[in-house]
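Visitor: Input file: run-v9.cif. Contents: mmCIF, C-alpha atoms.
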```cif
data_structure
#
loop_
_atom_site.label_atom_id
_atom_site.label_comp_id
_atom_site.auth_asym_id
_atom_site.auth_seq_id
_atom_site.Cartn_x
_atom_site.Cartn_y
_atom_site.Cartn_z
CA MET A 1 -17.88 8.98 5.83
CA PRO A 2 -19.68 11.50 8.06
CA LYS A 3 -22.83 10.10 9.68
CA MET A 4 -24.93 12.98 8.38
CA LEU A 5 -24.53 11.95 4.71
CA ALA A 6 -27.10 9.70 3.05
CA VAL A 7 -25.33 9.69 -0.33
CA GLN A 8 -21.69 10.27 -1.18
CA ILE A 9 -20.52 10.11 -4.79
CA ASP A 10 -16.87 10.68 -5.66
CA ASN A 11 -15.48 11.19 -9.18
CA LEU A 12 -18.02 9.02 -11.01
CA TRP A 13 -17.42 8.32 -14.71
CA LYS A 14 -19.54 6.34 -17.19
CA LYS A 15 -19.10 6.01 -20.92
CA TYR A 16 -21.35 4.33 -23.51
CA GLY A 17 -19.23 3.84 -26.61
CA ASP A 18 -18.07 7.32 -27.57
CA ILE A 19 -20.65 9.05 -25.36
CA GLU A 20 -19.52 10.19 -21.92
CA ALA A 21 -22.72 10.02 -19.86
CA LEU A 22 -21.03 10.98 -16.57
CA LYS A 23 -17.84 13.01 -16.28
CA GLY A 24 -16.31 13.02 -12.83
CA VAL A 25 -19.55 13.50 -10.89
CA SER A 26 -19.12 14.17 -7.16
CA LEU A 27 -22.07 14.83 -4.83
CA GLN A 28 -23.06 14.69 -1.19
CA VAL A 29 -26.69 14.37 -0.06
CA ARG A 30 -27.39 15.04 3.60
CA LYS A 31 -29.68 12.86 5.66
CA GLY A 32 -33.21 14.20 5.94
CA GLU A 33 -33.11 16.60 3.00
CA ILE A 34 -34.87 16.68 -0.35
CA PHE A 35 -32.10 16.90 -2.93
CA GLY A 36 -32.80 17.54 -6.60
CA LEU A 37 -30.88 16.72 -9.76
CA LEU A 38 -31.97 19.41 -12.21
CA GLY A 39 -31.11 19.15 -15.87
CA PRO A 40 -32.52 18.56 -19.36
CA ASN A 41 -33.20 15.15 -20.85
CA GLY A 42 -29.89 13.53 -21.77
CA ALA A 43 -27.96 15.39 -19.05
CA GLY A 44 -26.95 12.19 -17.24
CA LYS A 45 -29.63 12.08 -14.53
CA SER A 46 -30.94 8.61 -15.36
CA THR A 47 -27.44 7.16 -15.73
CA LEU A 48 -26.52 8.52 -12.33
CA MET A 49 -29.70 7.07 -10.82
CA SER A 50 -28.91 3.69 -12.38
CA CYS A 51 -25.43 3.75 -10.87
CA LEU A 52 -26.86 4.58 -7.43
CA LEU A 53 -29.24 1.63 -7.68
CA GLY A 54 -26.51 -0.78 -8.77
CA LEU A 55 -28.15 -1.30 -12.16
CA VAL A 56 -25.20 0.19 -14.05
CA GLU A 57 -21.56 -0.25 -13.14
CA PRO A 58 -19.59 3.02 -13.38
CA ASP A 59 -16.27 2.97 -15.19
CA LYS A 60 -14.60 4.84 -12.36
CA GLY A 61 -15.45 6.39 -9.00
CA THR A 62 -17.14 5.37 -5.76
CA ILE A 63 -20.67 5.48 -4.33
CA LYS A 64 -21.71 5.14 -0.71
CA LEU A 65 -25.35 5.02 0.36
CA LEU A 66 -26.14 5.38 4.06
CA GLY A 67 -22.45 4.83 4.75
CA ARG A 68 -22.17 1.57 2.82
CA ASP A 69 -21.17 0.45 -0.67
CA VAL A 70 -23.99 -0.05 -3.16
CA ASN A 71 -23.55 -3.82 -3.21
CA ASP A 72 -23.11 -4.18 0.55
CA GLY A 73 -26.68 -5.09 1.46
CA VAL A 74 -27.84 -1.47 1.56
CA LYS A 75 -30.50 -1.85 -1.16
CA ARG A 76 -33.10 -3.01 1.38
CA LYS A 77 -32.88 0.46 2.92
CA ILE A 78 -33.56 2.20 -0.40
CA GLY A 79 -36.86 2.84 -2.14
CA PHE A 80 -36.97 3.60 -5.86
CA CYS A 81 -39.87 5.13 -7.74
CA PRO A 82 -39.19 5.10 -11.50
CA GLN A 83 -40.38 7.58 -14.09
CA ASP A 84 -42.54 4.93 -15.75
CA ILE A 85 -45.43 3.55 -13.71
CA LEU A 86 -44.59 -0.10 -13.02
CA LEU A 87 -47.91 -1.55 -11.87
CA TYR A 88 -50.11 -4.45 -12.93
CA ASN A 89 -53.24 -2.97 -14.45
CA ARG A 90 -55.54 -5.86 -13.59
CA LEU A 91 -54.53 -5.90 -9.93
CA THR A 92 -55.84 -3.46 -7.34
CA GLY A 93 -53.63 -0.89 -5.71
CA ARG A 94 -53.49 -2.99 -2.54
CA GLU A 95 -52.52 -6.13 -4.48
CA ASN A 96 -49.78 -4.28 -6.36
CA ILE A 97 -48.27 -2.91 -3.16
CA TRP A 98 -48.44 -6.36 -1.54
CA PHE A 99 -46.59 -7.87 -4.51
CA PHE A 100 -43.75 -5.36 -4.17
CA SER A 101 -43.63 -5.93 -0.42
CA THR A 102 -42.86 -9.63 -1.02
CA LEU A 103 -39.76 -8.66 -3.01
CA TYR A 104 -38.41 -7.06 0.19
CA HIS A 105 -39.59 -9.97 2.38
CA VAL A 106 -41.88 -7.72 4.40
CA SER A 107 -43.85 -9.79 6.93
CA GLN A 108 -47.65 -9.82 6.80
CA LYS A 109 -47.80 -7.97 10.10
CA ASP A 110 -45.39 -5.24 8.96
CA PHE A 111 -47.16 -5.02 5.60
CA ALA A 112 -50.51 -4.36 7.29
CA ILE A 113 -49.01 -1.68 9.54
CA GLN A 114 -47.07 0.02 6.75
CA LEU A 115 -49.97 -0.09 4.29
CA GLN A 116 -52.36 1.61 6.71
CA ARG A 117 -49.77 4.30 7.34
CA LEU A 118 -49.25 4.86 3.60
CA ILE A 119 -52.98 4.88 2.83
CA LYS A 120 -53.34 7.75 5.29
CA LEU A 121 -50.12 9.52 4.26
CA LEU A 122 -50.87 9.41 0.51
CA ASP A 123 -54.66 9.75 0.83
CA MET A 124 -55.41 6.48 -0.99
CA LYS A 125 -58.43 5.24 0.97
CA ASP A 126 -60.93 5.91 -1.83
CA PHE A 127 -59.08 3.95 -4.52
CA ILE A 128 -56.68 1.49 -2.84
CA ASP A 129 -58.99 -1.46 -3.70
CA ARG A 130 -59.75 -0.44 -7.27
CA ARG A 131 -57.99 -1.97 -10.26
CA VAL A 132 -55.08 0.13 -11.44
CA GLU A 133 -56.48 0.25 -14.99
CA SER A 134 -59.38 2.37 -13.68
CA LEU A 135 -57.24 4.96 -11.89
CA SER A 136 -56.15 8.43 -12.97
CA GLY A 137 -52.50 9.25 -13.59
CA GLY A 138 -52.16 10.96 -10.22
CA MET A 139 -53.67 7.97 -8.38
CA LYS A 140 -51.32 5.58 -10.18
CA ARG A 141 -48.37 7.75 -9.16
CA ARG A 142 -49.44 7.49 -5.52
CA ILE A 143 -49.73 3.69 -5.73
CA ASN A 144 -46.33 3.57 -7.41
CA LEU A 145 -44.88 5.74 -4.64
CA ALA A 146 -46.46 3.59 -1.93
CA ALA A 147 -44.92 0.48 -3.51
CA SER A 148 -41.48 2.08 -3.19
CA LEU A 149 -42.13 2.91 0.49
CA ILE A 150 -43.78 -0.28 1.71
CA HIS A 151 -40.51 -1.64 3.19
CA ASN A 152 -39.96 1.63 5.10
CA PRO A 153 -36.69 2.69 3.41
CA GLU A 154 -34.38 5.37 4.81
CA LEU A 155 -33.53 6.75 1.36
CA LEU A 156 -36.11 7.34 -1.39
CA ILE A 157 -34.92 7.84 -4.98
CA LEU A 158 -37.41 9.35 -7.44
CA ASP A 159 -36.75 9.53 -11.19
CA GLU A 160 -38.79 12.34 -12.79
CA PRO A 161 -41.68 11.70 -10.35
CA THR A 162 -44.27 14.05 -11.85
CA VAL A 163 -43.81 13.58 -15.60
CA GLY A 164 -47.19 13.48 -17.32
CA LEU A 165 -49.17 14.94 -14.42
CA ASP A 166 -51.27 18.08 -14.75
CA PRO A 167 -50.25 21.10 -12.63
CA GLU A 168 -52.78 20.37 -9.86
CA ALA A 169 -51.72 16.72 -9.58
CA ARG A 170 -48.05 17.73 -9.57
CA ARG A 171 -48.52 20.10 -6.64
CA GLU A 172 -50.52 17.45 -4.78
CA PHE A 173 -47.65 14.99 -5.33
CA TRP A 174 -45.17 17.57 -4.00
CA SER A 175 -47.17 17.74 -0.76
CA PHE A 176 -46.78 13.97 -0.33
CA ILE A 177 -43.01 14.25 -0.82
CA ARG A 178 -42.86 16.92 1.89
CA LEU A 179 -44.76 14.62 4.25
CA ILE A 180 -42.29 11.83 3.54
CA LYS A 181 -39.45 14.18 4.45
CA LYS A 182 -41.19 15.02 7.73
CA GLU A 183 -40.98 11.32 8.60
CA GLY A 184 -37.19 11.69 8.59
CA LYS A 185 -36.50 10.12 5.22
CA THR A 186 -33.98 11.39 2.69
CA VAL A 187 -35.33 12.08 -0.80
CA LEU A 188 -33.18 12.26 -3.94
CA LEU A 189 -35.13 13.16 -7.06
CA SER A 190 -34.32 13.97 -10.66
CA THR A 191 -36.35 16.52 -12.59
CA HIS A 192 -36.25 18.79 -15.60
CA TYR A 193 -38.97 21.02 -14.13
CA MET A 194 -37.50 24.23 -12.77
CA ASP A 195 -40.54 25.00 -10.60
CA GLU A 196 -40.41 21.52 -9.06
CA ALA A 197 -36.81 22.03 -7.96
CA GLU A 198 -37.56 25.52 -6.61
CA GLU A 199 -40.69 24.53 -4.70
CA LEU A 200 -39.63 21.15 -3.36
CA CYS A 201 -35.88 20.85 -2.91
CA ASP A 202 -33.70 21.92 0.00
CA ARG A 203 -30.68 21.77 -2.29
CA VAL A 204 -30.23 21.30 -6.02
CA ALA A 205 -27.42 20.10 -8.27
CA ILE A 206 -27.42 21.51 -11.80
CA ILE A 207 -26.34 18.70 -14.15
CA ASP A 208 -25.62 19.13 -17.86
CA LYS A 209 -23.78 16.95 -20.36
CA GLY A 210 -22.73 14.54 -17.62
CA GLU A 211 -21.20 17.17 -15.34
CA ILE A 212 -22.30 18.81 -12.11
CA LYS A 213 -22.20 22.52 -12.83
CA ALA A 214 -23.34 23.93 -9.47
CA VAL A 215 -24.79 22.83 -6.12
CA GLY A 216 -26.71 24.83 -3.53
CA SER A 217 -30.16 25.78 -2.28
CA PRO A 218 -32.42 27.28 -4.97
CA GLN A 219 -32.01 30.69 -3.34
CA GLU A 220 -28.20 30.37 -3.21
CA LEU A 221 -28.01 29.35 -6.87
CA VAL A 222 -30.23 32.23 -7.96
CA GLU A 223 -28.17 34.73 -5.95
CA ARG A 224 -24.91 33.33 -7.33
CA TYR A 225 -25.82 32.68 -10.97
CA GLY A 226 -29.26 34.17 -11.64
CA GLY A 227 -28.10 37.57 -12.85
CA LEU A 228 -30.14 40.73 -13.03
CA LYS A 229 -33.84 41.37 -12.74
CA TYR A 230 -35.50 41.65 -16.13
CA LEU A 231 -38.45 43.10 -17.98
CA VAL A 232 -40.69 40.91 -20.12
CA ILE A 233 -42.43 43.01 -22.77
CA HIS A 234 -45.66 41.55 -24.11
CA VAL A 235 -46.82 42.54 -27.60
CA PRO A 236 -49.16 40.83 -30.09
CA THR A 237 -47.31 38.05 -31.89
CA ILE A 238 -47.56 39.75 -35.28
CA TYR A 239 -45.69 42.79 -33.85
CA ILE A 240 -42.72 40.91 -32.31
CA ASP A 241 -40.38 41.50 -35.27
CA VAL A 242 -41.29 45.18 -35.45
CA ALA A 243 -40.91 45.60 -31.70
CA ILE A 244 -37.50 43.92 -31.49
CA ASN A 245 -36.16 46.05 -34.34
CA LYS A 246 -37.38 49.29 -32.78
CA LEU A 247 -36.50 48.44 -29.16
CA ALA A 248 -33.11 46.85 -29.76
CA HIS A 249 -31.25 50.11 -29.10
CA LEU A 250 -32.78 50.12 -25.60
CA GLY A 251 -31.21 46.73 -24.85
CA VAL A 252 -34.29 44.63 -25.57
CA LYS A 253 -33.51 41.14 -26.86
CA LEU A 254 -35.50 38.14 -28.01
CA GLU A 255 -35.13 35.22 -25.57
CA ALA A 256 -37.14 32.01 -26.01
CA GLY A 257 -39.74 33.90 -28.03
CA GLN A 258 -40.10 36.73 -25.51
CA LEU A 259 -38.94 40.34 -25.58
CA VAL A 260 -36.61 40.72 -22.61
CA LYS A 261 -34.54 43.54 -21.09
CA ARG A 262 -32.14 42.64 -18.25
CA THR A 263 -31.49 45.59 -16.02
CA GLU A 264 -30.28 46.94 -12.68
CA VAL A 265 -32.94 49.66 -12.75
CA PRO A 266 -36.14 47.93 -13.94
CA GLU A 267 -38.59 50.68 -12.97
CA LYS A 268 -36.58 53.36 -14.83
CA ASP A 269 -36.17 51.19 -17.93
CA LEU A 270 -39.84 50.25 -17.90
CA ARG A 271 -40.84 53.92 -18.06
CA GLU A 272 -38.31 54.56 -20.85
CA ILE A 273 -39.56 51.63 -22.94
CA MET A 274 -43.21 52.61 -22.48
CA LYS A 275 -42.50 56.22 -23.49
CA PHE A 276 -40.59 55.15 -26.59
CA ALA A 277 -43.22 52.55 -27.53
CA GLN A 278 -45.98 55.14 -27.36
CA SER A 279 -44.04 57.51 -29.61
CA GLU A 280 -43.39 54.72 -32.12
CA LYS A 281 -46.93 53.29 -31.83
CA ILE A 282 -45.68 49.87 -30.67
CA PRO A 283 -48.75 48.10 -29.18
CA ILE A 284 -47.38 46.92 -25.84
CA ARG A 285 -49.97 44.96 -23.86
CA ARG A 286 -48.03 44.93 -20.61
CA ILE A 287 -44.53 44.82 -19.14
CA GLU A 288 -43.63 42.53 -16.24
CA ILE A 289 -40.74 42.97 -13.83
CA LYS A 290 -39.35 39.54 -12.97
CA ASN A 291 -36.75 38.24 -10.57
CA PRO A 292 -34.28 35.63 -11.85
CA ASP A 293 -35.05 31.97 -11.13
CA LEU A 294 -33.46 28.56 -11.70
CA GLU A 295 -34.29 28.84 -15.40
CA ASP A 296 -31.97 31.86 -15.52
CA VAL A 297 -29.38 29.98 -13.46
CA PHE A 298 -29.30 27.20 -16.05
CA LEU A 299 -29.20 29.71 -18.90
CA ASN A 300 -26.23 31.54 -17.39
CA ILE A 301 -24.36 28.30 -16.58
CA ALA A 302 -25.12 26.22 -19.68
CA GLY A 303 -25.70 28.96 -22.25
CA ARG A 304 -29.19 27.75 -23.15
CA ARG A 305 -32.60 27.46 -21.55
CA LEU A 306 -33.52 24.35 -19.58
CA GLN A 307 -37.13 24.18 -20.76
CA GLY A 308 -36.06 24.35 -24.37
CA ASN A 309 -34.33 21.01 -23.94
CA GLU A 310 -37.15 18.87 -22.67
#
```
What would you get if you wrote out this structure as structure tokens?

Guide:
Amino acid sequence: MPKMLAVQIDNLWKKYGDIEALKGVSLQVRKGEIFGLLGPNGAGKSTLMSCLLGLVEPDKGTIKLLGRDVNDGVKRKIGFCPQDILLYNRLTGRENIWFFSTLYHVSQKDFAIQLQRLIKLLDMKDFIDRRVESLSGGMKRRINLAASLIHNPELLILDEPTVGLDPEARREFWSFIRLIKKEGKTVLLSTHYMDEAEELCDRVAIIDKGEIKAVGSPQELVERYGGLKYLVIHVPTIYIDVAINKLAHLGVKLEAGQLVKRTEVPEKDLREIMKFAQSEKIPIRRIEIKNPDLEDVFLNIAGRRLQGNE
């Protein structure tokens, strides 16, 4: 296996009864990158994560992490931060992190050094010695993340790391992930948030119904699968049915509750729609010209919207 790969997955299959959770999944994650698994709930992300961690045995296929088999002593070089916060509420943040450090046999000296580094990296000074039960969701996420990093792993695996966080806390958490990457670590994360994959990941794999549908940087995927620019026409909710009936002949369609026109000439079509709407007294509030994004990539690949499947 090439030295530059942190993760190599070849033809991975997993079936639960009649349900095929993974169908021939093959992936390569390069060392030092942030790699995202983007897909709706039930796509196979968690099953794939469980296979990588050695918690689930695949029916077929091979996995190599940092050049070694999953069960070949490589787990000490991996950090895992689960979707659910696994902390003891009546312990402080420091005590929780110390507990997890003992599971990796981290020495007291190394623990002290690593903890000080993580307190600074994750900005935990103000709450590291408070009981977890008194912390906000974002603070708990940082303690959880620190616990997965205390043994200084080379590969960090994050399962839906920002679920339940408000937008500000999510963006703050993204900044911590970028700092971890700057330290030379490889990050593999699963998410069903399109903006998270676009903002954070160097490369993304689109996964749906247990299959990898496409792999590339967010920009590459948008260029390859995103399709045309489009107009989003905003009207009062009570006028949506009237507007779609009157604007349908101009190519306007209803997508996820919005009036949309996909076009190669957005400025020209915008003027045409506005002129027709004025003549028909359709109360358009505004029209936006939008570039395609990963949401459109998923729509064009899977035939449905990602966010509608959360």

Visitor: Could I get the residues of range 1-41 of chain A with an atom no further than 12 Å from an atom of range 288-296 of chain A, each paired with its nearest atom pair and that distance in Å to one decimal, using only C-alpha atoms, sorted by chain and residue number, as a Markdown table?

Guide:
```
| residue | atom | partner | partner_atom | distance |
| --- | --- | --- | --- | --- |
| A:Leu38 | CA | A:Leu294 | CA | 9.3 |
| A:Gly39 | CA | A:Glu295 | CA | 10.2 |
| A:Pro40 | CA | A:Glu295 | CA | 11.2 |
```

Visitor: Do you know which residues the PyMOL selection byres ((chain A and resi 259) around 12) returns on this file, as a compact mmCIF listing (two decimals) with C-alpha atoms, in the frame of the given file?

Guide:
```txt
# COMPACT_ATOMS: atom_id res chain seq x y z
CA TYR A 230 -35.50 41.65 -16.13
CA LEU A 231 -38.45 43.10 -17.98
CA VAL A 232 -40.69 40.91 -20.12
CA ILE A 233 -42.43 43.01 -22.77
CA HIS A 234 -45.66 41.55 -24.11
CA VAL A 235 -46.82 42.54 -27.60
CA PRO A 236 -49.16 40.83 -30.09
CA THR A 237 -47.31 38.05 -31.89
CA TYR A 239 -45.69 42.79 -33.85
CA ILE A 240 -42.72 40.91 -32.31
CA ASP A 241 -40.38 41.50 -35.27
CA VAL A 242 -41.29 45.18 -35.45
CA ALA A 243 -40.91 45.60 -31.70
CA ILE A 244 -37.50 43.92 -31.49
CA ASN A 245 -36.16 46.05 -34.34
CA LYS A 246 -37.38 49.29 -32.78
CA LEU A 247 -36.50 48.44 -29.16
CA ALA A 248 -33.11 46.85 -29.76
CA LEU A 250 -32.78 50.12 -25.60
CA GLY A 251 -31.21 46.73 -24.85
CA VAL A 252 -34.29 44.63 -25.57
CA LYS A 253 -33.51 41.14 -26.86
CA LEU A 254 -35.50 38.14 -28.01
CA GLU A 255 -35.13 35.22 -25.57
CA ALA A 256 -37.14 32.01 -26.01
CA GLY A 257 -39.74 33.90 -28.03
CA GLN A 258 -40.10 36.73 -25.51
CA VAL A 260 -36.61 40.72 -22.61
CA LYS A 261 -34.54 43.54 -21.09
CA ARG A 262 -32.14 42.64 -18.25
CA ILE A 273 -39.56 51.63 -22.94
CA ILE A 284 -47.38 46.92 -25.84
CA ARG A 286 -48.03 44.93 -20.61
CA ILE A 287 -44.53 44.82 -19.14
CA GLU A 288 -43.63 42.53 -16.24
```

Visitor: Looking at all atoms listed in the file, which of A:Glu264, A:Tyr225, A:His105, A:Asn144 is the one that sits closest to Gly303 in chain A?

Guide: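 For Gly303 in chain A, the nearest of the candidates is A:Tyr225.
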
Visitor: Take CA of Leu48 in chain A and CA of Tyr88 in chain A and report the distance between them in Å, one decimal.

Guide: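 Computing the Euclidean distance for CA of Leu48 in chain A and CA of Tyr88 in chain A yields 26.9 Å.
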
Visitor: What is the CA of Leu115 in chain A to CA of Arg142 in chain A distance in Å?

Guide: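 Atom-to-atom, CA of Leu115 in chain A to CA of Arg142 in chain A, that is 12.4 Å.
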
Visitor: Using CA of Ser190 in chain A and CA of Asp159 in chain A as the two end points, give the distance in Å to one decimal.

Guide: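 Going from CA of Ser190 in chain A over to CA of Asp159 in chain A covers 5.1 Å.
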
Visitor: Just want the 12 Å neighbourhood of range 125-139 of chain A, counted on only C-alpha atoms, with same-chain residues fewer than 2 positions away dropped. Output as JSON, numbers by chain.

Guide: {"A": [84, 85, 86, 87, 88, 89, 90, 91, 92, 93, 94, 95, 96, 97, 98, 115, 116, 117, 118, 119, 120, 121, 122, 123, 141, 142, 143, 144, 145, 146, 147, 161, 162, 163, 164, 165, 166, 167, 168, 169, 170, 171, 172, 173, 174, 176]}

Visitor: Might you pull out every residue within 12 Å of Leu22 in chain A, with only C-alpha atoms counted and same-chain residues fewer than 3 positions away left off, and present them as an MDAnalysis selection string?

Guide: chainID A and resid 9:16 18:19 25:26 42:51 56:61 207:212

Visitor: Would you save the residues from that selection as a compact mmCIF listing (two decimals), in the coordinates of the input, using C-alpha atoms?

Guide:
```txt
# COMPACT_ATOMS: atom_id res chain seq x y z
CA ILE A 9 -20.52 10.11 -4.79
CA ASP A 10 -16.87 10.68 -5.66
CA ASN A 11 -15.48 11.19 -9.18
CA LEU A 12 -18.02 9.02 -11.01
CA TRP A 13 -17.42 8.32 -14.71
CA LYS A 14 -19.54 6.34 -17.19
CA LYS A 15 -19.10 6.01 -20.92
CA TYR A 16 -21.35 4.33 -23.51
CA ASP A 18 -18.07 7.32 -27.57
CA ILE A 19 -20.65 9.05 -25.36
CA VAL A 25 -19.55 13.50 -10.89
CA SER A 26 -19.12 14.17 -7.16
CA GLY A 42 -29.89 13.53 -21.77
CA ALA A 43 -27.96 15.39 -19.05
CA GLY A 44 -26.95 12.19 -17.24
CA LYS A 45 -29.63 12.08 -14.53
CA SER A 46 -30.94 8.61 -15.36
CA THR A 47 -27.44 7.16 -15.73
CA LEU A 48 -26.52 8.52 -12.33
CA MET A 49 -29.70 7.07 -10.82
CA SER A 50 -28.91 3.69 -12.38
CA CYS A 51 -25.43 3.75 -10.87
CA VAL A 56 -25.20 0.19 -14.05
CA GLU A 57 -21.56 -0.25 -13.14
CA PRO A 58 -19.59 3.02 -13.38
CA ASP A 59 -16.27 2.97 -15.19
CA LYS A 60 -14.60 4.84 -12.36
CA GLY A 61 -15.45 6.39 -9.00
CA ILE A 207 -26.34 18.70 -14.15
CA ASP A 208 -25.62 19.13 -17.86
CA LYS A 209 -23.78 16.95 -20.36
CA GLY A 210 -22.73 14.54 -17.62
CA GLU A 211 -21.20 17.17 -15.34
CA ILE A 212 -22.30 18.81 -12.11
```

Visitor: Which residue, A:Val29, A:Leu299, A:Leu37, A:Ala6, has the smallest gap to Asp69 in chain A when you use only C-alpha atoms?

Guide: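 Nearest candidate to Asp69 in chain A out of A:Val29, A:Leu299, A:Leu37, A:Ala6: A:Ala6.
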
Visitor: Given the file above and the PyMOL selection byres ((chain A and resi 152-155) around 7), which residues are selected, and can you give them as a list in words?

Guide: Lys77, Ile78, Gly79, Leu149, Ile150, His151, Leu156, Ile157, Lys185, Thr186 and Val187 of chain A

Visitor: Choose the residue, out of A:Leu53, A:Ile180, A:Ile238, A:Ile282, that has the smallest atom-to-atom separation from Gly73 in chain A; count only C-alpha atoms.

Guide: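 Distance minimum relative to Gly73 in chain A lands on A:Leu53.
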
Visitor: Give me the box for range 225-241 of chain A as lines of an AutoDock Vina configuration file, namely the centre and edge lengths in Å to one decimal of a box along x, y and z that holds every listed atom plus 6 Å on each side.

Guide:
```
center_x = -37.5
center_y = 37.9
center_z = -23.1
size_x = 35.3
size_y = 22.4
size_z = 36.3
```

Visitor: Smallest atom-to-atom distance to Gly54 in chain A: which of A:Ser101, A:Asn71, A:Gln8, A:Asn41, using only C-alpha atoms?

Guide: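 The answer is A:Asn71, which sits nearest to Gly54 in chain A.
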
Visitor: Apply the PyMOL selection byres ((chain A and resi 201) around 6) to the structure shown and report the selected residues as a short mmCIF file (atom, residue, chain, number, x, y, z; two decimals) with C-alpha atoms, in the coordinates of the input.

Guide:
```cif
data_model
loop_
_atom_site.label_atom_id
_atom_site.label_comp_id
_atom_site.auth_asym_id
_atom_site.auth_seq_id
_atom_site.Cartn_x
_atom_site.Cartn_y
_atom_site.Cartn_z
CA ILE A 34 -34.87 16.68 -0.35
CA PHE A 35 -32.10 16.90 -2.93
CA GLY A 36 -32.80 17.54 -6.60
CA ALA A 197 -36.81 22.03 -7.96
CA LEU A 200 -39.63 21.15 -3.36
CA ASP A 202 -33.70 21.92 0.00
CA ARG A 203 -30.68 21.77 -2.29
#
```

Visitor: Need to verify the contact set: Val7 in chain A, 8 Å, all atoms listed in the file, exclusion of same-chain residues closer than 2 positions in sequence. Can you return it as a list in words?

Guide: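 With the cut-off at 8 Å, the set is Leu5, Ile9, Leu27, Gln28, Val29, Arg30, Ile63, Lys64, Leu65, Leu66 and Gly67 of chain A.
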
Visitor: Hey, can you pull every residue with an atom no more than 9 Å from (-27.5, 25.5, -8.6), using only C-alpha atoms, and send it as a ChimeraX atom specification?

Guide: /A:38,203-207,213-222,224-225,294,297-298

Visitor: Can those selected residues be exported to a file as an mmCIF file, in the frame of the given file so that it contains C-alpha atoms?

Guide:
```
data_model
loop_
_atom_site.group_PDB
_atom_site.id
_atom_site.type_symbol
_atom_site.label_atom_id
_atom_site.label_comp_id
_atom_site.auth_asym_id
_atom_site.auth_seq_id
_atom_site.Cartn_x
_atom_site.Cartn_y
_atom_site.Cartn_z
ATOM 1 C CA LEU A 38 -31.970 19.410 -12.210
ATOM 2 C CA ARG A 203 -30.680 21.770 -2.290
ATOM 3 C CA VAL A 204 -30.230 21.300 -6.020
ATOM 4 C CA ALA A 205 -27.420 20.100 -8.270
ATOM 5 C CA ILE A 206 -27.420 21.510 -11.800
ATOM 6 C CA ILE A 207 -26.340 18.700 -14.150
ATOM 7 C CA LYS A 213 -22.200 22.520 -12.830
ATOM 8 C CA ALA A 214 -23.340 23.930 -9.470
ATOM 9 C CA VAL A 215 -24.790 22.830 -6.120
ATOM 10 C CA GLY A 216 -26.710 24.830 -3.530
ATOM 11 C CA SER A 217 -30.160 25.780 -2.280
ATOM 12 C CA PRO A 218 -32.420 27.280 -4.970
ATOM 13 C CA GLN A 219 -32.010 30.690 -3.340
ATOM 14 C CA GLU A 220 -28.200 30.370 -3.210
ATOM 15 C CA LEU A 221 -28.010 29.350 -6.870
ATOM 16 C CA VAL A 222 -30.230 32.230 -7.960
ATOM 17 C CA ARG A 224 -24.910 33.330 -7.330
ATOM 18 C CA TYR A 225 -25.820 32.680 -10.970
ATOM 19 C CA LEU A 294 -33.460 28.560 -11.700
ATOM 20 C CA VAL A 297 -29.380 29.980 -13.460
ATOM 21 C CA PHE A 298 -29.300 27.200 -16.050
#
```

Visitor: Would you mind completing range 173-180 of chain A to N, CA, C and O atoms and writing the output as a tab-separated table (two decimals), keeping the file's coordinate frame?

Guide:
```
chain	number	residue	atom	x	y	z
A	173	PHE	N	-48.73	15.96	-5.51
A	173	PHE	CA	-47.65	14.99	-5.33
A	173	PHE	C	-46.51	15.60	-4.52
A	173	PHE	O	-45.91	14.94	-3.68
A	174	TRP	N	-46.22	16.89	-4.78
A	174	TRP	CA	-45.17	17.57	-4.00
A	174	TRP	C	-45.51	17.55	-2.51
A	174	TRP	O	-44.61	17.37	-1.68
A	175	SER	N	-46.79	17.72	-2.18
A	175	SER	CA	-47.17	17.74	-0.76
A	175	SER	C	-46.90	16.39	-0.11
A	175	SER	O	-46.50	16.32	1.06
A	176	PHE	N	-47.07	15.30	-0.87
A	176	PHE	CA	-46.78	13.97	-0.33
A	176	PHE	C	-45.28	13.81	-0.09
A	176	PHE	O	-44.86	13.20	0.91
A	177	ILE	N	-44.46	14.35	-0.98
A	177	ILE	CA	-43.01	14.25	-0.82
A	177	ILE	C	-42.57	15.00	0.44
A	177	ILE	O	-41.71	14.55	1.19
A	178	ARG	N	-43.19	16.15	0.68
A	178	ARG	CA	-42.86	16.92	1.89
A	178	ARG	C	-43.23	16.13	3.15
A	178	ARG	O	-42.51	16.17	4.15
A	179	LEU	N	-44.36	15.44	3.10
A	179	LEU	CA	-44.76	14.62	4.25
A	179	LEU	C	-43.77	13.48	4.49
A	179	LEU	O	-43.47	13.14	5.64
A	180	ILE	N	-43.28	12.90	3.41
A	180	ILE	CA	-42.29	11.83	3.54
A	180	ILE	C	-41.02	12.36	4.19
A	180	ILE	O	-40.41	11.70	5.04
```
